[in-house]
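Worksheet: one structure, shown below.
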Amino acid sequence: MDTKWKDTGLTARMGLSFVILGILYVVFLSILNYLGVGYIQLAIIASVMILAQWYFSDKIVLWSSGARIVSREAYPRLHEIVERLSANNGLPKPKVAMVNSSVPNAFATGKSPKSSLVAVTTGLLDLLEDDELEAVLGHELTHVRSRDVLVLTLASIFSTVAWYLMQFGFYGGLHTRNRNSAGSGAIVLLVAIVTWLVSFLMIRAISRYREYSADRGGAIMTGKPDKLATALLKISGKIKAIPPNELKNVQKLNAFFIVPALSGNSIANLFSTHPPVEKRVQKLKEMKSGIE
C-alpha cells in the first residue's frame, strides 16, 4: 500500500528544499568565518539554541496551548483510537491531551515517538465522527513517526542564529578581523538578512510538504483518505464560522495545528506553514480513486 500511494514528486521537492537549505547554511557559515566571526563562536550560539529548543520546545507548546493530559477513563473514545492506531503501526502510544477550545483542531509534539504527545480540542471531538477523528489522529501520528517536530527544529537553527545576528550583531560588537571596517559589518548584516529570509521561505515550504506527507501517512494508517478529506473540510468550514476574537486565542499554535486557525485569507500561501485545504483534499480524493 505504501508503494502504491507513494508521492515521488512530493519526496523530491522535500529533498530539494533540504539540499537548498543546507547549501545556504554552508555559505552563511563560510562568509561569516571569512569576515572573522569564528566557527567556535557560531558553534556555541547554535549549540545553545539547539539545547534550548530540544529541552523546552515541547513544554512551551503545552504551556501556550493550555493542553492537559487526560486519562482513558475520562476520554475512552479518544484513547481507544490512539491505542489502536499506535498498535497497528508499531508506535508506542503517545500521551493524550485535551485543549479546552471550541476551535476544532489537533496537534502532535515530541522529539521522538517515545516522548510524543497528541492533543485535540474539545471542539474537534464535538465536530467529527469516529472515522474522521481516527483519520485526523492518523495524520498526527504520522508527524510523530516522521519526527517532524525534531526535523523542523533542526532546520530552523541557523535561521534563528541569523535572526539574532540581525537583531544584536552590531550592538554587541561582532569580532571581525578589521574592527574599524564598517564594510565588513554591513556584509555580515546583509548575509544574515538574506540567510534569514531564504530560510524563512524554505522552512515554510518544507512544513507544507510535510503536511502533505502527514495527510498521505494518515490515510495509509487508516485506509480511509476520504474520511481525512471530510474531516479537513469540516474543520476548515467550522473555523471560518468562528469569530476572529476567538481564533486569536489559539493562533499561536497554527504551525502545529492540522488546519491553521485563520479567518479568511489573512496570510499568503507563500508564507503559510500549511498548504490550502482544497489542494490537500484533492490529493486525498486522488488516493481514494487509486484504492477503488
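Letters for chains follow the order of the C-alpha cells (A, B, ...), residue numbers begin at 1 for each chain, and ligand numbers begin at 1 in the order shown.
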What's around segment 132-136 of chain A at 7 Å? Count only C-alpha atoms, leave out sequence neighbours fewer than 6 positions away in its own chain, and write the answer as a compact mmCIF listing (two decimals) with C-alpha atoms, in the first residue's frame.
# COMPACT_ATOMS: atom_id res chain seq x y z
CA ILE A 81 -8.46 5.28 18.71
CA GLY A 218 -2.63 9.26 7.97
CA ALA A 219 -4.63 7.95 5.04
CA THR A 222 -6.49 4.15 8.40
CA LYS A 227 -12.55 10.42 5.85
CA LEU A 228 -9.50 12.65 6.31
CA ALA A 231 -12.52 15.98 8.38
* segment 192-208 of chain A environment, 10 Å, only C-alpha atoms, sequence neighbours closer than 3 positions dropped, as an MDAnalysis selection string -> chainID A and resid 13:18 20:22 24:25 27:29 31:32 148:149 151:153 155:167 169 186:189 211:214 255:256 269:276
* Asked: Nearest to Ser102 of chain A among A:Asp131, A:Asp126, A:Asp58, A:Glu83, with distances taken over only C-alpha atoms: which residue is it?
  ->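 Among the listed residues, the smallest separation from Ser102 of chain A belongs to A:Asp126.
Counting only C-alpha atoms, the residue from A:Ser146, A:Ser236, A:Ser101, A:Ser289 that sits nearest to Ser65 of chain A is A:Ser101.
Between Tyr75 of chain A and the candidates A:Val61, A:Gly36, A:Val120, A:Leu137, the tightest atom-to-atom separation, counting only C-alpha atoms, involves A:Val120.
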* Using only C-alpha atoms, which residues sit within 12 Å of Met98 of chain A once same-chain residues fewer than 5 positions away are excluded, as a ChimeraX atom specification? -> /A:62,65-72,74-75,78-79,104-108,117-125
Any chance you could export the current selection's C-alpha atoms as a tab-separated table (two decimals), in the first residue's frame?
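Dumped to again_25.tsv:
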chain	number	residue	atom	x	y	z
A	62	LEU	CA	1.89	22.60	26.03
A	65	SER	CA	-1.91	25.70	24.30
A	66	GLY	CA	-3.27	25.07	27.77
A	67	ALA	CA	-3.34	21.34	26.95
A	68	ARG	CA	-3.77	18.92	29.85
A	69	ILE	CA	-3.02	15.21	29.91
A	70	VAL	CA	-6.26	13.21	30.12
A	71	SER	CA	-6.92	9.67	31.31
A	72	ARG	CA	-8.53	6.79	29.47
A	74	ALA	CA	-12.17	10.50	31.13
A	75	TYR	CA	-11.92	10.12	27.33
A	78	LEU	CA	-10.07	9.19	22.18
A	79	HIS	CA	-7.72	6.77	23.94
A	104	PRO	CA	-11.77	22.29	16.21
A	105	ASN	CA	-8.16	21.23	15.80
A	106	ALA	CA	-5.39	18.80	16.72
A	107	PHE	CA	-1.62	18.76	17.00
A	108	ALA	CA	1.27	16.50	17.94
A	117	LEU	CA	2.02	13.70	22.76
A	118	VAL	CA	-1.15	14.02	20.70
A	119	ALA	CA	-3.66	16.72	21.61
A	120	VAL	CA	-7.12	17.55	20.35
A	121	THR	CA	-9.54	20.31	21.20
A	122	THR	CA	-12.97	19.78	22.72
A	123	GLY	CA	-14.37	21.41	19.59
A	124	LEU	CA	-12.84	18.68	17.43
A	125	LEU	CA	-14.42	15.87	19.47
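You will find atom CA of Asn249 of chain A at 11.3 Å from atom CA of Leu262 of chain A.
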* Can you list, as a PyMOL selection string, all residues belonging to segment 182-266 of chain A that DSSP tags as helix (DSSP H, G or I)? => chain A and resi 182-222+225-241+244-247+251-253
* Got a sec to tell me which of segment 45-276 of chain A DSSP assigns to strand (DSSP E), as a VMD selection string? -> chain A and resid 68 to 69 95 to 99 106 to 109 117 to 121
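The shortest atom-to-atom distance to Leu233 of chain A, with only C-alpha atoms taken into account, belongs to A:Leu128 out of A:Lys252, A:Leu128, A:Leu154, A:Tyr209.
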* To do: Figure out the distance between atom CA of Leu141 of chain A and atom CA of Lys279 of chain A, please, to one decimal in Å.
  =>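 One can read the atom CA of Lys279 of chain A to atom CA of Leu141 of chain A distance as 21.1 Å.
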* Counting only C-alpha atoms, the residue of A:Asn245, A:Thr142, A:Ser64, A:Gln282 that sits nearest Asn89 of chain A -> A:Thr142
* Asked: Closest to Arg210 of chain A among A:Lys285, A:Lys59, A:Lys114, A:Arg145, using only C-alpha atoms?
  ->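 Residue with the minimum atom-to-atom distance to Arg210 of chain A: A:Arg145.
Rounded to one decimal, atom CA of Asn88 of chain A and atom CA of Val277 of chain A lie 27.4 Å from each other.
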